[in-house]
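Shown below: structure39.txt, with compact mmCIF, C-alpha atoms.
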# COMPACT_ATOMS: atom_id res chain seq x y z
CA MET F 21 -127.13 -8.59 -23.04
CA ILE F 22 -125.72 -8.14 -26.53
CA ARG F 23 -126.39 -11.81 -27.24
CA ASP F 24 -130.04 -11.42 -26.21
CA GLN F 25 -130.35 -8.34 -28.44
CA LEU F 26 -128.90 -10.19 -31.43
CA GLU F 27 -131.18 -13.17 -30.90
CA GLN F 28 -134.21 -10.90 -30.66
CA LEU F 29 -133.30 -9.06 -33.88
CA ALA F 30 -132.66 -12.35 -35.66
CA ARG F 31 -136.25 -13.45 -35.00
CA ILE F 32 -137.66 -10.41 -36.81
CA ARG F 33 -138.02 -10.89 -40.57
CA GLU F 34 -138.38 -7.25 -41.63
CA PRO F 35 -135.40 -5.88 -43.66
CA GLU F 36 -134.99 -3.01 -41.20
CA ALA F 37 -134.41 -5.46 -38.36
CA ARG F 38 -131.99 -7.46 -40.50
CA SER F 39 -129.96 -4.34 -41.20
CA LYS F 40 -129.99 -3.36 -37.54
CA LEU F 41 -128.86 -6.86 -36.62
CA ILE F 42 -125.86 -6.66 -38.93
CA ARG F 43 -124.98 -3.15 -37.79
CA THR F 44 -125.02 -4.30 -34.19
CA LEU F 45 -122.99 -7.39 -35.06
CA VAL F 46 -120.48 -5.33 -37.00
CA GLY F 47 -120.14 -2.86 -34.15
CA GLU F 48 -119.42 -5.58 -31.62
CA TYR F 49 -117.06 -7.43 -33.93
CA ALA F 50 -115.10 -4.29 -34.80
CA ARG F 51 -114.90 -3.11 -31.18
CA SER F 52 -113.21 -6.26 -29.98
CA GLU F 53 -109.79 -4.88 -30.88
CA GLU F 54 -108.04 -6.64 -28.02
CA HIS F 55 -109.15 -9.96 -29.47
CA GLU F 56 -107.70 -11.04 -32.79
CA PRO F 57 -110.37 -13.12 -34.52
CA THR F 58 -109.45 -16.64 -35.47
CA PRO F 59 -109.76 -17.80 -39.09
CA VAL F 60 -112.98 -19.60 -38.09
CA GLU F 61 -114.42 -16.43 -36.55
CA ARG F 62 -113.51 -14.38 -39.63
CA GLU F 63 -115.15 -16.95 -41.86
CA LEU F 64 -118.30 -17.22 -39.69
CA PHE F 65 -118.78 -13.45 -39.38
CA SER F 66 -118.18 -12.83 -43.09
CA ARG F 67 -120.49 -15.64 -44.18
CA ILE F 68 -123.29 -14.31 -41.97
CA VAL F 69 -122.94 -10.87 -43.53
CA LEU F 70 -122.77 -12.28 -47.07
CA SER F 71 -125.88 -14.40 -46.51
CA VAL F 72 -128.02 -11.29 -45.91
CA PHE F 73 -125.94 -8.71 -47.79
CA ASP F 74 -128.54 -7.99 -50.48
CA GLN F 75 -131.14 -7.25 -47.79
CA LEU F 76 -129.01 -4.66 -46.01
CA ASP F 77 -129.78 -0.97 -46.26
CA ARG F 78 -127.12 1.56 -47.17
CA ASP F 79 -126.47 2.54 -43.57
CA ALA F 80 -125.64 -1.05 -42.67
CA ARG F 81 -123.31 -1.39 -45.64
CA TYR F 82 -121.66 1.92 -44.78
CA GLU F 83 -121.12 0.75 -41.20
CA LEU F 84 -119.43 -2.37 -42.50
CA VAL F 85 -117.13 -0.40 -44.79
CA VAL F 86 -116.16 2.24 -42.22
CA ARG F 87 -115.34 -0.27 -39.51
CA LEU F 88 -113.83 -3.18 -41.40
CA ALA F 89 -112.90 -2.33 -45.00
CA LYS F 90 -109.27 -1.52 -44.19
CA THR F 91 -108.73 -4.50 -41.87
CA ASP F 92 -107.96 -8.18 -42.27
CA ARG F 93 -110.91 -9.10 -40.03
CA ILE F 94 -113.07 -10.15 -42.99
CA ILE F 95 -112.51 -12.75 -45.69
CA SER F 96 -111.73 -12.08 -49.35
CA ASP F 97 -115.23 -13.03 -50.51
CA LEU F 98 -116.77 -10.24 -48.45
CA ALA F 99 -114.13 -7.70 -49.46
CA ASP F 100 -114.67 -8.63 -53.11
CA ARG F 101 -118.44 -8.21 -52.69
CA LEU F 102 -117.94 -4.73 -51.27
CA THR F 103 -115.98 -3.68 -54.37
CA GLN F 104 -119.20 -4.05 -56.36
CA GLU F 105 -120.90 -1.25 -54.43
CA ASP F 106 -120.97 2.32 -55.75
CA TYR F 107 -117.71 4.20 -55.49
CA ASP F 108 -118.59 6.14 -52.33
CA LEU F 109 -118.93 2.85 -50.48
CA SER F 110 -116.30 0.78 -52.24
CA GLU F 111 -113.39 3.25 -52.37
CA PRO F 112 -111.81 2.32 -48.98
CA VAL F 113 -112.06 -1.38 -49.77
CA ILE F 114 -110.57 -1.11 -53.26
CA GLU F 115 -107.73 1.13 -52.21
CA CYS F 116 -106.87 -0.26 -48.77
CA SER F 117 -108.27 -3.72 -48.05
CA PRO F 118 -105.45 -6.21 -47.37
CA VAL F 119 -107.71 -9.17 -48.15
CA ILE F 120 -109.22 -8.20 -51.50
CA SER F 121 -108.42 -10.85 -54.10
CA GLN F 122 -106.24 -10.36 -57.16
CA THR F 123 -109.17 -11.65 -59.22
CA ALA F 124 -111.38 -8.82 -57.95
CA LEU F 125 -108.63 -6.27 -58.68
CA MET F 126 -108.26 -7.61 -62.21
CA ASN F 127 -112.03 -7.44 -62.77
CA LEU F 128 -112.04 -3.82 -61.60
CA SER F 129 -109.10 -3.07 -63.90
CA LYS F 130 -110.95 -4.55 -66.86
CA ALA F 131 -114.48 -3.30 -66.29
CA GLY F 132 -114.59 -0.94 -63.31
CA SER F 133 -115.35 2.77 -63.49
CA ASN F 134 -112.46 5.17 -63.90
CA ASP F 135 -112.75 6.15 -60.22
CA LYS F 136 -112.44 2.53 -59.17
CA ARG F 137 -109.46 2.04 -61.48
CA LEU F 138 -107.80 5.06 -59.89
CA SER F 139 -108.21 3.42 -56.48
CA VAL F 140 -106.73 0.16 -57.79
CA ALA F 141 -103.78 2.10 -59.21
CA ARG F 142 -102.95 3.48 -55.76
CA ARG F 143 -102.54 0.03 -54.16
CA PRO F 144 -99.10 -1.30 -53.18
CA ASP F 145 -99.73 -4.93 -54.20
CA LEU F 146 -100.42 -4.87 -57.93
CA SER F 147 -99.10 -7.52 -60.29
CA GLU F 148 -97.61 -6.76 -63.70
CA GLU F 149 -100.75 -8.25 -65.27
CA ILE F 150 -103.00 -5.79 -63.44
CA SER F 151 -100.63 -2.92 -64.21
CA ASP F 152 -100.72 -3.88 -67.91
CA THR F 153 -104.52 -4.00 -67.90
CA LEU F 154 -104.82 -0.59 -66.26
CA ILE F 155 -102.43 0.95 -68.78
CA ALA F 156 -104.35 -0.52 -71.71
CA ARG F 157 -107.91 0.15 -70.57
CA SER F 158 -107.88 3.26 -68.38
CA SER F 159 -107.99 6.95 -69.04
CA ARG F 160 -104.62 8.61 -68.85
CA ASN F 161 -105.01 9.98 -65.32
CA VAL F 162 -104.88 6.36 -64.11
CA VAL F 163 -101.59 5.91 -65.98
CA HIS F 164 -100.19 8.99 -64.22
CA VAL F 165 -101.15 7.51 -60.83
CA LEU F 166 -99.44 4.23 -61.75
CA LEU F 167 -96.25 6.04 -62.73
CA ASP F 168 -96.34 7.91 -59.42
CA ASN F 169 -96.94 4.75 -57.35
CA ALA F 170 -93.47 3.51 -56.40
CA GLU F 171 -94.80 0.00 -55.64
CA VAL F 172 -96.24 -0.69 -59.09
CA PRO F 173 -94.23 -3.05 -61.34
CA PHE F 174 -94.06 -2.43 -65.09
CA SER F 175 -93.57 -5.20 -67.63
CA VAL F 176 -91.75 -4.73 -70.93
CA LYS F 177 -95.18 -4.71 -72.61
CA GLY F 178 -96.33 -1.99 -70.23
CA MET F 179 -93.17 0.00 -70.97
CA LEU F 180 -93.87 -0.19 -74.73
CA ALA F 181 -97.41 1.06 -74.19
CA LEU F 182 -96.13 3.96 -72.09
CA LEU F 183 -93.66 4.83 -74.85
CA ILE F 184 -96.48 4.83 -77.42
CA PHE F 185 -98.35 7.36 -75.29
CA ALA F 186 -95.21 9.39 -74.51
CA ASN F 187 -94.61 10.01 -78.21
CA THR F 188 -97.56 12.39 -78.29
CA GLU F 189 -98.38 13.20 -74.66
CA VAL F 190 -95.97 15.32 -72.68
CA GLU F 191 -97.59 14.38 -69.36
CA VAL F 192 -96.71 10.70 -69.86
CA LEU F 193 -93.22 11.67 -71.01
CA ALA F 194 -92.80 13.67 -67.81
CA GLY F 195 -94.15 10.83 -65.69
CA MET F 196 -91.71 8.36 -67.23
CA ALA F 197 -88.76 10.69 -66.65
CA LYS F 198 -89.73 11.24 -63.01
CA ARG F 199 -90.29 7.52 -62.43
CA ALA F 200 -86.91 6.63 -63.96
CA ILE F 201 -85.21 9.04 -61.54
CA LYS F 202 -86.57 7.37 -58.41
CA ASP F 203 -87.02 3.75 -59.58
CA GLU F 204 -83.87 1.88 -60.58
CA GLU F 205 -85.80 -1.15 -61.83
CA PHE F 206 -87.98 1.03 -64.07
CA LEU F 207 -84.85 2.73 -65.42
CA GLU F 208 -83.21 -0.63 -66.13
CA THR F 209 -86.29 -1.80 -68.08
CA LEU F 210 -86.21 1.44 -70.05
CA LYS F 211 -82.50 0.96 -70.78
CA LEU F 212 -83.22 -2.61 -71.90
CA VAL F 213 -85.66 -1.27 -74.50
CA LEU F 214 -83.19 1.46 -75.51
CA GLU F 215 -80.47 -1.11 -76.14
CA THR F 216 -82.63 -2.64 -78.88
CA ASP F 217 -82.84 0.73 -80.73
CA CYS F 218 -86.59 0.86 -80.23
CA PRO F 219 -88.00 3.62 -82.47
CA LEU F 220 -90.81 4.24 -79.98
CA VAL F 221 -88.52 5.95 -77.45
CA PRO F 222 -89.09 9.73 -77.69
CA ALA F 223 -85.88 11.53 -78.63
CA PRO F 224 -85.79 13.74 -75.49
CA LEU F 225 -86.17 10.69 -73.23
CA LYS F 226 -83.48 8.75 -75.08
CA ARG F 227 -81.10 11.69 -74.84
CA ALA F 228 -81.83 12.17 -71.14
CA VAL F 229 -81.13 8.51 -70.36
CA ASP F 230 -77.99 8.39 -72.50
CA GLU F 231 -76.61 11.56 -70.92
CA ASP F 232 -77.81 10.75 -67.37
CA ASP F 233 -79.82 13.98 -67.48
CA LEU F 234 -83.32 12.88 -66.47
CA GLU F 235 -83.58 15.58 -63.81
CA ARG F 236 -83.24 18.30 -66.43
CA LEU F 237 -85.91 16.72 -68.64
CA ALA F 238 -88.35 16.30 -65.76
CA THR F 239 -87.74 19.86 -64.57
CA THR F 240 -88.07 21.30 -68.07
CA ILE F 241 -91.45 19.63 -68.58
CA GLY F 242 -92.60 20.66 -65.11
CA ASP F 243 -91.80 24.30 -65.81
CA LEU F 244 -93.72 24.46 -69.10
CA GLU F 245 -97.04 26.26 -69.48
CA ARG F 246 -100.10 24.04 -69.07
CA GLU F 247 -101.88 25.06 -72.27
CA GLY F 248 -101.26 24.24 -75.92
CA ASP F 249 -98.67 22.21 -77.77
CA ILE F 250 -95.07 22.45 -76.60
CA GLU F 251 -91.62 21.75 -78.01
CA ILE F 252 -88.87 19.78 -76.24
CA ASP F 253 -85.49 19.36 -77.89
CA GLY F 254 -87.03 20.06 -81.29
CA VAL F 255 -89.91 17.60 -80.86
CA ARG F 256 -93.50 18.84 -80.57
CA TYR F 257 -95.89 17.31 -78.05
CA SER F 258 -99.55 17.79 -77.27
CA ARG F 259 -101.10 18.49 -73.89
CA HIS F 260 -104.15 16.49 -74.93
CA GLU F 261 -104.59 12.77 -74.50
CA ALA F 262 -103.89 10.98 -77.77
CA SER F 263 -106.92 9.40 -79.43
CA MET F 264 -104.95 6.21 -80.06
CA GLN F 265 -105.63 3.47 -77.54
CA ILE F 266 -104.07 0.04 -77.17
CA ALA F 267 -106.12 -2.31 -79.37
CA ASN F 268 -108.77 -4.35 -77.54
CA GLY F 269 -107.75 -2.90 -74.19
CA GLU F 270 -104.94 -5.39 -73.64
CA LEU F 271 -101.17 -5.53 -73.97
CA SER F 272 -100.66 -8.70 -75.96
CA PHE F 273 -98.18 -8.76 -78.84
CA ASP F 274 -101.13 -8.67 -81.26
CA ALA F 275 -102.71 -5.67 -79.54
CA ILE F 276 -99.52 -3.58 -79.52
CA LEU F 277 -98.82 -4.50 -83.14
CA ARG F 278 -102.35 -3.52 -84.24
CA THR F 279 -101.98 -0.22 -82.41
CA LEU F 280 -98.76 0.52 -84.29
CA PHE F 281 -100.46 -0.33 -87.60
CA GLU F 282 -103.34 1.98 -86.75
CA ASP F 283 -100.94 4.82 -85.99
CA GLU F 284 -98.95 4.03 -89.16
CA ARG F 285 -95.78 3.40 -87.14
CA ILE F 286 -94.38 0.85 -89.59
CA ASP F 287 -90.85 1.46 -88.31
CA ALA F 288 -91.92 0.49 -84.81
CA ALA F 289 -93.91 -2.50 -86.10
CA ILE F 290 -90.83 -3.77 -87.97
CA TRP F 291 -88.75 -3.33 -84.83
CA LEU F 292 -91.32 -5.23 -82.72
CA ILE F 293 -91.52 -8.11 -85.19
CA GLY F 294 -87.73 -8.26 -85.34
CA ARG F 295 -87.44 -8.47 -81.55
CA ARG F 296 -90.10 -11.18 -81.51
CA LEU F 297 -88.26 -13.35 -84.02
CA ASN F 298 -84.64 -12.44 -83.25
CA LEU F 299 -84.22 -10.97 -86.72
CA SER F 300 -82.61 -7.70 -87.73
CA ASP F 301 -84.86 -4.81 -88.71
CA ASP F 302 -83.35 -4.86 -92.22
CA VAL F 303 -84.29 -8.50 -92.76
CA VAL F 304 -87.86 -7.90 -91.59
CA ALA F 305 -88.23 -4.72 -93.65
CA GLU F 306 -86.87 -6.31 -96.83
CA THR F 307 -89.19 -9.28 -96.45
CA LEU F 308 -92.25 -7.11 -95.90
CA LYS F 309 -91.35 -4.91 -98.89
CA SER F 310 -90.98 -7.89 -101.22
CA ASP F 311 -93.62 -9.39 -103.51
CA ALA F 312 -93.08 -12.85 -102.01
CA ASP F 313 -96.47 -13.40 -100.38
CA GLY F 314 -95.45 -16.87 -99.22
CA ALA F 315 -92.33 -15.59 -97.43
CA ILE F 316 -94.33 -12.81 -95.79
CA LEU F 317 -96.97 -15.29 -94.65
CA ARG F 318 -94.37 -17.61 -93.14
CA LEU F 319 -92.65 -14.72 -91.38
CA MET F 320 -95.89 -13.51 -89.81
CA LEU F 321 -96.92 -17.03 -88.86
CA GLN F 322 -93.76 -17.21 -86.79
CA THR F 323 -94.87 -14.17 -84.78
CA GLY F 324 -97.96 -16.07 -83.60
CA ILE F 325 -100.44 -13.31 -84.52
CA ASP F 326 -104.07 -14.19 -85.26
CA ASP F 327 -105.83 -13.71 -88.59
CA LYS F 328 -107.41 -10.37 -87.57
CA THR F 329 -103.99 -8.93 -86.79
CA TYR F 330 -102.70 -10.35 -90.08
CA ARG F 331 -105.50 -8.56 -91.93
CA ASP F 332 -104.60 -5.28 -90.21
CA PHE F 333 -100.95 -5.90 -91.10
CA LEU F 334 -101.82 -6.39 -94.80
CA LYS F 335 -103.86 -3.19 -94.84
CA ALA F 336 -101.02 -1.25 -93.22
CA ARG F 337 -98.54 -2.79 -95.66
CA CYS F 338 -100.66 -1.69 -98.62
CA ARG F 339 -100.75 1.86 -97.28
CA TRP F 340 -97.02 1.76 -96.58
CA LEU F 341 -96.12 0.55 -100.09
CA ASP F 342 -99.05 2.24 -101.88
CA ARG F 343 -100.43 -1.07 -103.17
CA ASN F 344 -103.89 -2.33 -104.04
CA THR F 345 -105.87 -4.08 -101.29
CA ARG F 346 -107.87 -6.44 -103.51
CA THR F 347 -105.76 -9.52 -102.64
CA ILE F 348 -106.15 -9.11 -98.89
CA PRO F 349 -109.22 -11.42 -98.43
CA GLU F 350 -107.48 -14.27 -100.29
CA LEU F 351 -104.24 -13.82 -98.35
CA VAL F 352 -106.12 -13.81 -95.04
CA MET F 353 -107.89 -17.06 -96.01
CA ARG F 354 -104.47 -18.63 -96.73
CA TYR F 355 -103.21 -17.42 -93.37
CA LYS F 356 -106.24 -18.85 -91.51
CA ALA F 357 -105.73 -22.18 -93.24
CA GLU F 358 -102.09 -22.27 -92.18
CA LEU F 359 -103.01 -21.41 -88.60
CA LYS F 360 -105.14 -24.55 -88.41
CA LYS F 361 -102.18 -26.74 -89.17
CA PRO F 362 -100.27 -28.19 -86.17
CA HIS F 363 -97.38 -26.04 -84.94
CA ALA F 364 -98.12 -23.41 -87.58
CA ALA F 365 -97.26 -20.46 -85.37
CA VAL F 366 -94.31 -20.88 -83.05
CA ALA F 367 -92.62 -17.64 -82.07
CA PRO F 368 -89.16 -17.97 -80.51
CA PRO F 369 -89.03 -15.07 -78.04
CA SER F 370 -86.08 -12.72 -78.12
CA ALA F 371 -83.94 -12.27 -75.06
CA ALA F 372 -84.84 -8.59 -74.73
CA LEU F 373 -88.58 -8.85 -75.24
CA GLY F 374 -89.37 -12.42 -74.31
CA ALA F 375 -92.21 -11.17 -72.09
CA LEU F 376 -94.21 -10.09 -75.11
CA GLY F 377 -96.94 -12.62 -75.75
Rewrite the structure of this file - the entire thing - as structure tokens.
Amino acid sequence: MIRDQLEQLARIREPEARSKLIRTLVGEYARSEEHEPTPVERELFSRIVLSVFDQLDRDARYELVVRLAKTDRIISDLADRLTQEDYDLSEPVIECSPVISQTALMNLSKAGSNDKRLSVARRPDLSEEISDTLIARSSRNVVHVLLDNAEVPFSVKGMLALLIFANTEVEVLAGMAKRAIKDEEFLETLKLVLETDCPLVPAPLKRAVDEDDLERLATTIGDLEREGDIEIDGVRYSRHEASMQIANGELSFDAILRTLFEDERIDAAIWLIGRRLNLSDDVVAETLKSDADGAILRLMLQTGIDDKTYRDFLKARCRWLDRNTRTIPELVMRYKAELKKPHAAVAPPSAALGALG
């Protein structure tokens, strides 16, 4: 009987009949719980739905989501297509579908709405690349969800971005302290950064890690009033999200370096360059302070940064040393010319921060 009904609906060309056909098909397919569909059946069902998807009304799409979004009874192409729907329809797919592709999750992390990014952040199967993208591009409530999701991995680059935020935002500082308490791997990555004397680590967090006193820090922050600036161990923090964002919405070495220049964190920029090149902070600082433009150019070539980052570096250096900016265009032209030469920029990664690229 159901077969006759499906055949009859398939003969009708009106969109309403097409939607009813799919709703009926979805209902039958989802109800057959005692039968695990074969890969061929999954493919056939999903391709039929995809072939008429744009003709389906909202009720038909809703039926599909409610019955199948959280299952593995559809293929990745269909799950990925459902993520493009408005948030009310796509939320269960984005947050729970076991067959959604990593490509679709990355696209949502790069260009999805904040609601969709929040759903991505709650998933248990995120890669470091997706985690990095969410940290760089999302509003801070997404970062808080990531820190609270025990399954999310954090790269060294992601850790540096979190530290940048934690220097001004007490909520991120609290989230990092709480995550370090319950996640040994996160704590080990944090300790790895601490061992390099990174100037980005907020003093209260450094002290808490050194003294094995993270519980006290997390509790102290949790007990504070929700309004206004606060003080922790002599350091003032804001309750408001910092205006500074990671440059270009990514966590490349260039992007983090540009962000530090923008925030006038020359100390942290020197540290980052030193870790990149396996040089001491003193050597990097002395080189950057010197009048030897050629030596500075060669040093920065070794970091592998592009000419735009080099321009931002020169501007920051002029502010740092109170120097005139008139030579910047010429120096950037020299840098661009050197970049075009074979093997001009080869950055030997340091052991501690080799993941930065």
Hey, what's within 6 Å of segment 150-152 of chain F if we count all atoms listed in the file and toss same-chain stuff fewer than 3 positions away? As a PDB file with C-alpha atoms, in the frame of the given file, please?
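Resulting contents of part.pdb:
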ATOM      1  CA  MET F 126    -108.260  -7.610 -62.210  1.00  0.00           C
ATOM      2  CA  SER F 147     -99.100  -7.520 -60.290  1.00  0.00           C
ATOM      3  CA  ILE F 155    -102.430   0.950 -68.780  1.00  0.00           C
ATOM      4  CA  GLY F 178     -96.330  -1.990 -70.230  1.00  0.00           C
TER       5      GLY F 178
END
Can you list, as a list in words, every protein, DNA or RNA residue that comes within 8 Å of segment 140-146 of chain F when you count only C-alpha atoms, leaving out same-chain residues fewer than 4 positions away?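 My reading of the contact set: Ile114, Glu115, Cys116, Leu125, Leu128, Ser129, Lys136, Ile150, Ser151, Leu154, Val162, Val165, Leu166, Asn169, Glu171, Val172 and Pro173 of chain F.
Between Met179 of chain F and the residues F:Met353, F:Val213, F:Leu45, F:Leu308, the shortest atom-to-atom distance, using all atoms listed in the file, involves F:Val213.
For the pair atom CA of Arg160 of chain F and atom CA of Val192 of chain F, the separation is 8.2 Å.
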Name the residues in contact with Glu358 of chain F at a cut-off of 12 Å, using only C-alpha atoms, excluding same-chain residues fewer than 4 positions from it; report them as a PyMOL selection string. chain F and resi 314+317-318+320-322+324-327+351-354+362-365
Nearby residues (only C-alpha atoms) at most 9 Å from Leu84 of chain F, same-chain spacing under 6 positions excluded, as a ChimeraX atom specification: /F:42-43,46-47
Only C-alpha atoms, please: the residues just picked out, written as a short mmCIF file (atom, residue, chain, number, x, y, z; two decimals), in the frame of the given file.
data_model
loop_
_atom_site.label_atom_id
_atom_site.label_comp_id
_atom_site.auth_asym_id
_atom_site.auth_seq_id
_atom_site.Cartn_x
_atom_site.Cartn_y
_atom_site.Cartn_z
CA ILE F 42 -125.86 -6.66 -38.93
CA ARG F 43 -124.98 -3.15 -37.79
CA VAL F 46 -120.48 -5.33 -37.00
CA GLY F 47 -120.14 -2.86 -34.15
#
With only C-alpha atoms as the basis for distance, which of F:Ala186, F:Leu109, F:Ala99, F:Leu76 is at the shortest distance from Gln122 of chain F? F:Ala99
Straight-line distance linking atom CA of Ile95 of chain F with atom CA of Ile120 of chain F, stated in Å to one decimal: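 Going from atom CA of Ile95 of chain F over to atom CA of Ile120 of chain F covers 8.1 Å.
Near Leu225 of chain F, within 10 Å and counting all atoms listed in the file, sit Leu183, Ala186, Asn187, Leu193, Ala194, Met196, Ala197, Leu210, Leu214, Val221, Pro222, Ala228, Val229, Asp230, Glu231, Asp233, Leu234, Leu237, Ala238, Ile252 and Asp253 of chain F; same-chain residues fewer than 3 positions away were not included.
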Report, in Å to a single decimal, how far apart atom CA of Thr58 of chain F and atom CA of Arg78 of chain F are.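 A separation of 27.9 Å between them.
Using only C-alpha atoms, the protein and nucleic acid residues lying at most 8 Å from the point (-99.1, 0.8, -94.6) are Phe281, Glu284, Ile286, Phe333, Leu334, Lys335, Ala336, Arg337, Cys338, Arg339, Trp340, Leu341 and Asp342 of chain F.
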Which is closest to Pro112 of chain F among F:Lys40, F:Asp232, F:Ser272, F:Lys90, if we use only C-alpha atoms? F:Lys90
From the set F:Ala200, F:Ala315, F:Val119, F:Leu277, which residue has the shortest atom-to-atom contact distance to Arg331 of chain F, counting all atoms listed in the file?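 Distance minimum relative to Arg331 of chain F lands on F:Leu277.
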